[in-house]
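**Student:** To be precise about what I am sending: the file is called run.pdb and holds PDB, C-alpha atoms, pLDDT in the B column.
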ATOM      1  CA  MET R   3      -0.163  62.990  54.499  1.00 86.00           C
ATOM      2  CA  ARG R   4      -1.889  61.563  51.458  1.00 91.00           C
ATOM      3  CA  LEU R   5      -0.107  64.105  49.277  1.00 92.00           C
ATOM      4  CA  ILE R   6       3.292  63.152  50.690  1.00 92.00           C
ATOM      5  CA  PHE R   7       2.605  59.443  50.120  1.00 91.00           C
ATOM      6  CA  THR R   8       1.430  60.058  46.545  1.00 93.00           C
ATOM      7  CA  LEU R   9       4.441  62.257  45.855  1.00 93.00           C
ATOM      8  CA  PHE R  10       6.773  59.588  47.257  1.00 90.00           C
ATOM      9  CA  LEU R  11       5.192  56.894  45.070  1.00 89.00           C
ATOM     10  CA  PHE R  12       5.492  59.138  42.037  1.00 93.00           C
ATOM     11  CA  LEU R  13       9.135  60.061  42.703  1.00 94.00           C
ATOM     12  CA  LEU R  14      10.280  56.589  43.796  1.00 92.00           C
ATOM     13  CA  PRO R  15      11.044  55.227  40.292  1.00 91.00           C
ATOM     14  CA  PHE R  16      12.998  58.365  39.372  1.00 94.00           C
ATOM     15  CA  LEU R  17      14.973  58.235  42.630  1.00 93.00           C
ATOM     16  CA  GLU R  18      15.685  54.532  42.114  1.00 93.00           C
ATOM     17  CA  ILE R  19      16.929  55.086  38.554  1.00 93.00           C
ATOM     18  CA  TRP R  20      19.094  58.004  39.698  1.00 94.00           C
ATOM     19  CA  GLY R  21      20.466  55.815  42.506  1.00 92.00           C
ATOM     20  CA  LEU R  22      21.190  52.975  40.092  1.00 92.00           C
ATOM     21  CA  PHE R  23      23.247  55.267  37.876  1.00 94.00           C
ATOM     22  CA  LYS R  24      24.966  56.967  40.819  1.00 93.00           C
ATOM     23  CA  PHE R  25      25.908  53.773  42.679  1.00 93.00           C
ATOM     24  CA  GLY R  26      26.696  52.002  39.406  1.00 92.00           C
ATOM     25  CA  ALA R  27      29.185  54.742  38.555  1.00 94.00           C
ATOM     26  CA  MET R  28      30.711  54.581  42.033  1.00 93.00           C
ATOM     27  CA  TYR R  29      30.960  50.811  42.510  1.00 92.00           C
ATOM     28  CA  GLY R  30      30.773  49.413  38.972  1.00 90.00           C
ATOM     29  CA  TRP R  31      30.098  45.705  38.563  1.00 91.00           C
ATOM     30  CA  TRP R  32      30.010  45.137  42.307  1.00 94.00           C
ATOM     31  CA  PHE R  33      26.784  47.109  42.483  1.00 93.00           C
ATOM     32  CA  PHE R  34      25.309  45.092  39.618  1.00 92.00           C
ATOM     33  CA  GLY R  35      26.178  41.916  41.541  1.00 94.00           C
ATOM     34  CA  TYR R  36      24.524  43.361  44.641  1.00 94.00           C
ATOM     35  CA  ILE R  37      21.320  44.049  42.684  1.00 94.00           C
ATOM     36  CA  ILE R  38      21.273  40.498  41.283  1.00 95.00           C
ATOM     37  CA  ILE R  39      21.941  38.863  44.669  1.00 96.00           C
ATOM     38  CA  ILE R  40      19.278  40.932  46.447  1.00 95.00           C
ATOM     39  CA  ALA R  41      16.738  40.111  43.730  1.00 95.00           C
ATOM     40  CA  LEU R  42      17.497  36.397  44.098  1.00 96.00           C
ATOM     41  CA  LEU R  43      17.156  36.645  47.884  1.00 95.00           C
ATOM     42  CA  GLY R  44      13.825  38.454  47.483  1.00 95.00           C
ATOM     43  CA  TRP R  45      12.585  35.734  45.133  1.00 96.00           C
ATOM     44  CA  GLN R  46      13.695  33.057  47.621  1.00 96.00           C
ATOM     45  CA  LEU R  47      11.948  34.892  50.468  1.00 94.00           C
ATOM     46  CA  ILE R  48       8.687  34.947  48.506  1.00 95.00           C
ATOM     47  CA  GLN R  49       8.971  31.253  47.597  1.00 95.00           C
ATOM     48  CA  ASP R  50       9.728  30.220  51.193  1.00 93.00           C
ATOM     49  CA  GLU R  51       6.871  32.274  52.567  1.00 92.00           C
ATOM     50  CA  LYS R  52       4.439  30.798  50.059  1.00 91.00           C
ATOM     51  CA  ALA R  53       5.510  27.296  51.078  1.00 90.00           C
ATOM     52  CA  LEU R  54       5.304  27.933  54.837  1.00 91.00           C
ATOM     53  CA  VAL R  55       2.160  30.027  55.166  1.00 89.00           C
ATOM     54  CA  VAL R  56      -0.262  27.078  55.290  1.00 88.00           C
ATOM     55  CA  SER R  57       1.768  25.204  57.894  1.00 89.00           C
ATOM     56  CA  LYS R  58       2.073  28.360  60.004  1.00 87.00           C
ATOM     57  CA  LEU R  59      -1.702  28.869  59.857  1.00 87.00           C
ATOM     58  CA  MET R  60      -2.415  25.249  60.775  1.00 88.00           C
ATOM     59  CA  SER R  61      -0.023  25.273  63.716  1.00 87.00           C
ATOM     60  CA  MET R  62      -1.490  28.527  65.017  1.00 85.00           C
ATOM     61  CA  MET R  63      -5.017  27.140  64.708  1.00 84.00           C
ATOM     62  CA  THR R  64      -4.110  24.007  66.675  1.00 86.00           C
ATOM     63  CA  GLN R  65      -2.397  26.086  69.370  1.00 85.00           C
ATOM     64  CA  GLY R  66      -5.387  28.412  69.616  1.00 80.00           C
ATOM     65  CA  GLY R  67      -3.374  31.557  68.917  1.00 79.00           C
ATOM     66  CA  SER R  68      -4.215  34.624  66.909  1.00 79.00           C
ATOM     67  CA  LEU R  69      -4.376  34.037  63.157  1.00 84.00           C
ATOM     68  CA  ALA R  70      -4.018  37.756  62.513  1.00 86.00           C
ATOM     69  CA  SER R  71      -0.371  37.725  63.602  1.00 85.00           C
ATOM     70  CA  VAL R  72       0.420  34.876  61.204  1.00 87.00           C
ATOM     71  CA  ILE R  73      -1.345  36.584  58.317  1.00 89.00           C
ATOM     72  CA  LEU R  74       0.314  39.935  59.038  1.00 90.00           C
ATOM     73  CA  GLY R  75       3.729  38.307  59.372  1.00 89.00           C
ATOM     74  CA  SER R  76       3.344  36.471  56.075  1.00 91.00           C
ATOM     75  CA  ALA R  77       2.087  39.571  54.293  1.00 92.00           C
ATOM     76  CA  LYS R  78       4.995  41.555  55.708  1.00 93.00           C
ATOM     77  CA  ASN R  79       7.513  38.994  54.453  1.00 93.00           C
ATOM     78  CA  LEU R  80       5.878  38.822  51.012  1.00 94.00           C
ATOM     79  CA  LEU R  81       5.946  42.617  50.699  1.00 95.00           C
ATOM     80  CA  ALA R  82       9.599  42.700  51.783  1.00 94.00           C
ATOM     81  CA  GLY R  83      10.433  40.068  49.169  1.00 94.00           C
ATOM     82  CA  ALA R  84       8.613  42.063  46.495  1.00 95.00           C
ATOM     83  CA  LEU R  85      10.544  45.193  47.482  1.00 94.00           C
ATOM     84  CA  PHE R  86      13.805  43.252  47.194  1.00 95.00           C
ATOM     85  CA  LEU R  87      12.853  42.230  43.652  1.00 93.00           C
ATOM     86  CA  PHE R  88      12.712  45.848  42.481  1.00 91.00           C
ATOM     87  CA  PRO R  89      16.204  47.045  41.585  1.00 91.00           C
ATOM     88  CA  GLY R  90      17.341  49.942  43.711  1.00 90.00           C
ATOM     89  CA  VAL R  91      18.677  50.896  47.073  1.00 93.00           C
ATOM     90  CA  ILE R  92      15.603  52.673  48.453  1.00 93.00           C
ATOM     91  CA  THR R  93      13.302  49.673  47.990  1.00 94.00           C
ATOM     92  CA  ASP R  94      15.984  47.412  49.477  1.00 94.00           C
ATOM     93  CA  ILE R  95      16.161  49.606  52.577  1.00 94.00           C
ATOM     94  CA  LEU R  96      12.356  49.597  52.885  1.00 94.00           C
ATOM     95  CA  GLY R  97      12.302  45.806  52.512  1.00 94.00           C
ATOM     96  CA  PHE R  98      14.983  45.396  55.161  1.00 95.00           C
ATOM     97  CA  ILE R  99      13.047  47.652  57.546  1.00 95.00           C
ATOM     98  CA  LEU R 100       9.969  45.502  56.976  1.00 93.00           C
ATOM     99  CA  LEU R 101      11.935  42.374  57.809  1.00 92.00           C
ATOM    100  CA  ILE R 102      13.278  43.658  61.119  1.00 93.00           C
ATOM    101  CA  ILE R 103       9.908  44.937  62.406  1.00 89.00           C
ATOM    102  CA  PRO R 104       8.537  42.312  64.822  1.00 86.00           C
ATOM    103  CA  ILE R 105       4.909  41.211  64.721  1.00 78.00           C
ATOM    104  CA  GLN R 106       3.185  40.785  68.076  1.00 69.00           C
ATOM    105  CA  ASN R 107       1.473  37.501  68.893  1.00 60.00           C
ATOM    106  CA  SER R 108      -1.800  39.259  69.566  1.00 51.00           C
ATOM    107  CA  PRO R 109      -2.414  42.643  67.959  1.00 45.00           C
ATOM    108  CA  ASP R 110      -5.538  43.170  70.065  1.00 51.00           C
ATOM    109  CA  PRO R 111      -5.375  42.140  73.754  1.00 53.00           C
ATOM    110  CA  LYS R 112      -9.179  42.248  73.991  1.00 55.00           C
ATOM    111  CA  TYR R 113      -9.349  39.500  71.367  1.00 51.00           C
ATOM    112  CA  GLN R 114      -7.339  37.104  73.517  1.00 52.00           C
ATOM    113  CA  SER R 115      -9.454  37.666  76.629  1.00 50.00           C
ATOM    114  CA  SER R 116     -12.769  37.332  74.764  1.00 50.00           C
ATOM    115  CA  GLN R 117     -11.516  34.168  73.075  1.00 52.00           C
ATOM    116  CA  SER R 118     -10.580  32.603  76.412  1.00 53.00           C
ATOM    117  CA  GLN R 119     -14.010  33.517  77.818  1.00 54.00           C
ATOM    118  CA  GLN R 120     -15.659  31.848  74.830  1.00 55.00           C
ATOM    119  CA  ASP R 121     -13.607  28.714  75.455  1.00 57.00           C
ATOM    120  CA  LYS R 122     -14.767  28.655  79.081  1.00 57.00           C
ATOM    121  CA  SER R 123     -18.412  29.090  78.086  1.00 58.00           C
ATOM    122  CA  LYS R 124     -18.164  26.086  75.740  1.00 63.00           C
ATOM    123  CA  ASN R 125     -17.083  23.947  78.673  1.00 68.00           C
ATOM    124  CA  ASP R 126     -20.568  23.155  80.033  1.00 71.00           C
ATOM    125  CA  VAL R 127     -19.846  19.552  81.060  1.00 74.00           C
ATOM    126  CA  ILE R 128     -20.518  18.708  84.693  1.00 74.00           C
ATOM    127  CA  GLU R 129     -18.381  15.880  85.994  1.00 78.00           C
ATOM    128  CA  GLY R 130     -19.885  13.404  88.412  1.00 78.00           C
ATOM    129  CA  GLU R 131     -21.299   9.932  88.962  1.00 82.00           C
ATOM    130  CA  TYR R 132     -24.669   8.837  87.704  1.00 77.00           C
ATOM    131  CA  ARG R 133     -26.919   6.317  89.361  1.00 82.00           C
ATOM    132  CA  ARG R 134     -30.576   5.699  88.548  1.00 83.00           C
ATOM    133  CA  GLU R 135     -32.902   5.239  91.514  1.00 84.00           C
ATOM    134  CA  ASP R 136     -36.231   3.478  91.044  1.00 81.00           C
ATOM    135  CA  ASP R 137     -39.281   5.154  92.614  1.00 70.00           C
TER     136      ASP R 137
END
Rewrite the structure of this file - the entire thing - as structure tokens.

**Tutor:**
Amino acid sequence: MRLIFTLFLFLLPFLEIWGLFKFGAMYGWWFFGYIIIIALLGWQLIQDEKALVVSKLMSMMTQGGSLASVILGSAKNLLAGALFLFPGVITDILGFILLIIPIQNSPDPKYQSSQSQQDKSKNDVIEGEYRREDD
């Protein structure tokens, strides 16, 4: 598996360059426009994610949700934007696949149950009335 991944990373630039020439010959300036527009969209995706990540983290902290889902979602969007910046069809397809993959609210169900138990254990206040009696 490691060999396949290394081979893919090594061959990716050559495949992208071949694809640029092949699609450029087929579609001409339309393909060049596509590359420019996708790169601009990738840059905009990165900028938007950088601006929203702090507010997403703060809202998840106030709601008591899992921060891991917010961090994974932001990292996924940043990686997709970076893949859109690279010119080529293969990286654009990989970036699009990253964008359509949903992130679960809680990656680990045990985390949610242990967190709710911790919240219950912090609640050690006993409600009642208090009256001092003299002996």

**Student:** Work out how far CA of Pro89 (chain R) is from CA of Trp45 (chain R), in Å to one decimal.

**Tutor:**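 Value for the CA of Trp45 (chain R)-CA of Pro89 (chain R) distance: 12.4 Å.
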
**Student:** One number please: CA of Trp20 (chain R) to CA of Leu81 (chain R), in Å, one decimal.

**Tutor:**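 Computing it gives 23.0 Å between the two atoms.
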
**Student:** Using all atoms listed in the file - which residues lie no farther than 12 Å from the point (4.7, 29.1, 57.2) in the file's frame? Write them as a ChimeraX atom specification.

**Tutor:** /R:47-62,69,71-77,79-80

**Student:** What's the separation between CA of Leu5 (chain R) and CA of Gly44 (chain R), in Å to one decimal place?

**Tutor:** 29.2 Å

**Student:** Residues picked by the PyMOL selection byres ((chain R and resi 36-39) around 9) here, as a PDB file with C-alpha atoms, keeping the file's coordinate frame?

**Tutor:**
ATOM      1  CA  TRP R  31      30.098  45.705  38.563  1.00 91.00           C
ATOM      2  CA  TRP R  32      30.010  45.137  42.307  1.00 94.00           C
ATOM      3  CA  PHE R  33      26.784  47.109  42.483  1.00 93.00           C
ATOM      4  CA  PHE R  34      25.309  45.092  39.618  1.00 92.00           C
ATOM      5  CA  GLY R  35      26.178  41.916  41.541  1.00 94.00           C
ATOM      6  CA  ILE R  40      19.278  40.932  46.447  1.00 95.00           C
ATOM      7  CA  ALA R  41      16.738  40.111  43.730  1.00 95.00           C
ATOM      8  CA  LEU R  42      17.497  36.397  44.098  1.00 96.00           C
ATOM      9  CA  LEU R  43      17.156  36.645  47.884  1.00 95.00           C
ATOM     10  CA  GLY R  44      13.825  38.454  47.483  1.00 95.00           C
ATOM     11  CA  PHE R  86      13.805  43.252  47.194  1.00 95.00           C
ATOM     12  CA  LEU R  87      12.853  42.230  43.652  1.00 93.00           C
ATOM     13  CA  PHE R  88      12.712  45.848  42.481  1.00 91.00           C
ATOM     14  CA  PRO R  89      16.204  47.045  41.585  1.00 91.00           C
ATOM     15  CA  GLY R  90      17.341  49.942  43.711  1.00 90.00           C
ATOM     16  CA  VAL R  91      18.677  50.896  47.073  1.00 93.00           C
TER      17      VAL R  91
END

**Student:** For Leu101 (chain R), find every residue with an atom within 9 Å (counting only C-alpha atoms), except residues of its own chain fewer than 2 positions away, and show them as a list of chain:residue names.

**Tutor:**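 Returned residues: R:Lys78, R:Asn79, R:Ala82, R:Leu96, R:Gly97, R:Phe98, R:Ile99, R:Ile103, R:Pro104.
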
**Student:** Those residues with C-alpha atoms, as an mmCIF file, keeping the file's coordinate frame please?

**Tutor:**
data_model
loop_
_atom_site.group_PDB
_atom_site.id
_atom_site.type_symbol
_atom_site.label_atom_id
_atom_site.label_comp_id
_atom_site.auth_asym_id
_atom_site.auth_seq_id
_atom_site.Cartn_x
_atom_site.Cartn_y
_atom_site.Cartn_z
ATOM 1 C CA LYS R 78 4.995 41.555 55.708
ATOM 2 C CA ASN R 79 7.513 38.994 54.453
ATOM 3 C CA ALA R 82 9.599 42.700 51.783
ATOM 4 C CA LEU R 96 12.356 49.597 52.885
ATOM 5 C CA GLY R 97 12.302 45.806 52.512
ATOM 6 C CA PHE R 98 14.983 45.396 55.161
ATOM 7 C CA ILE R 99 13.047 47.652 57.546
ATOM 8 C CA ILE R 103 9.908 44.937 62.406
ATOM 9 C CA PRO R 104 8.537 42.312 64.822
#

**Student:** To box region 53-68 of chain R, take all atoms listed in the file, fit an axis-aligned box, add 3 Å on each side, and give centre and edge lengths in Å to one decimal, as JSON.

**Tutor:**
{"center_x": 0.1, "center_y": 29.3, "center_z": 60.3, "size_x": 16.9, "size_y": 16.6, "size_z": 24.5}
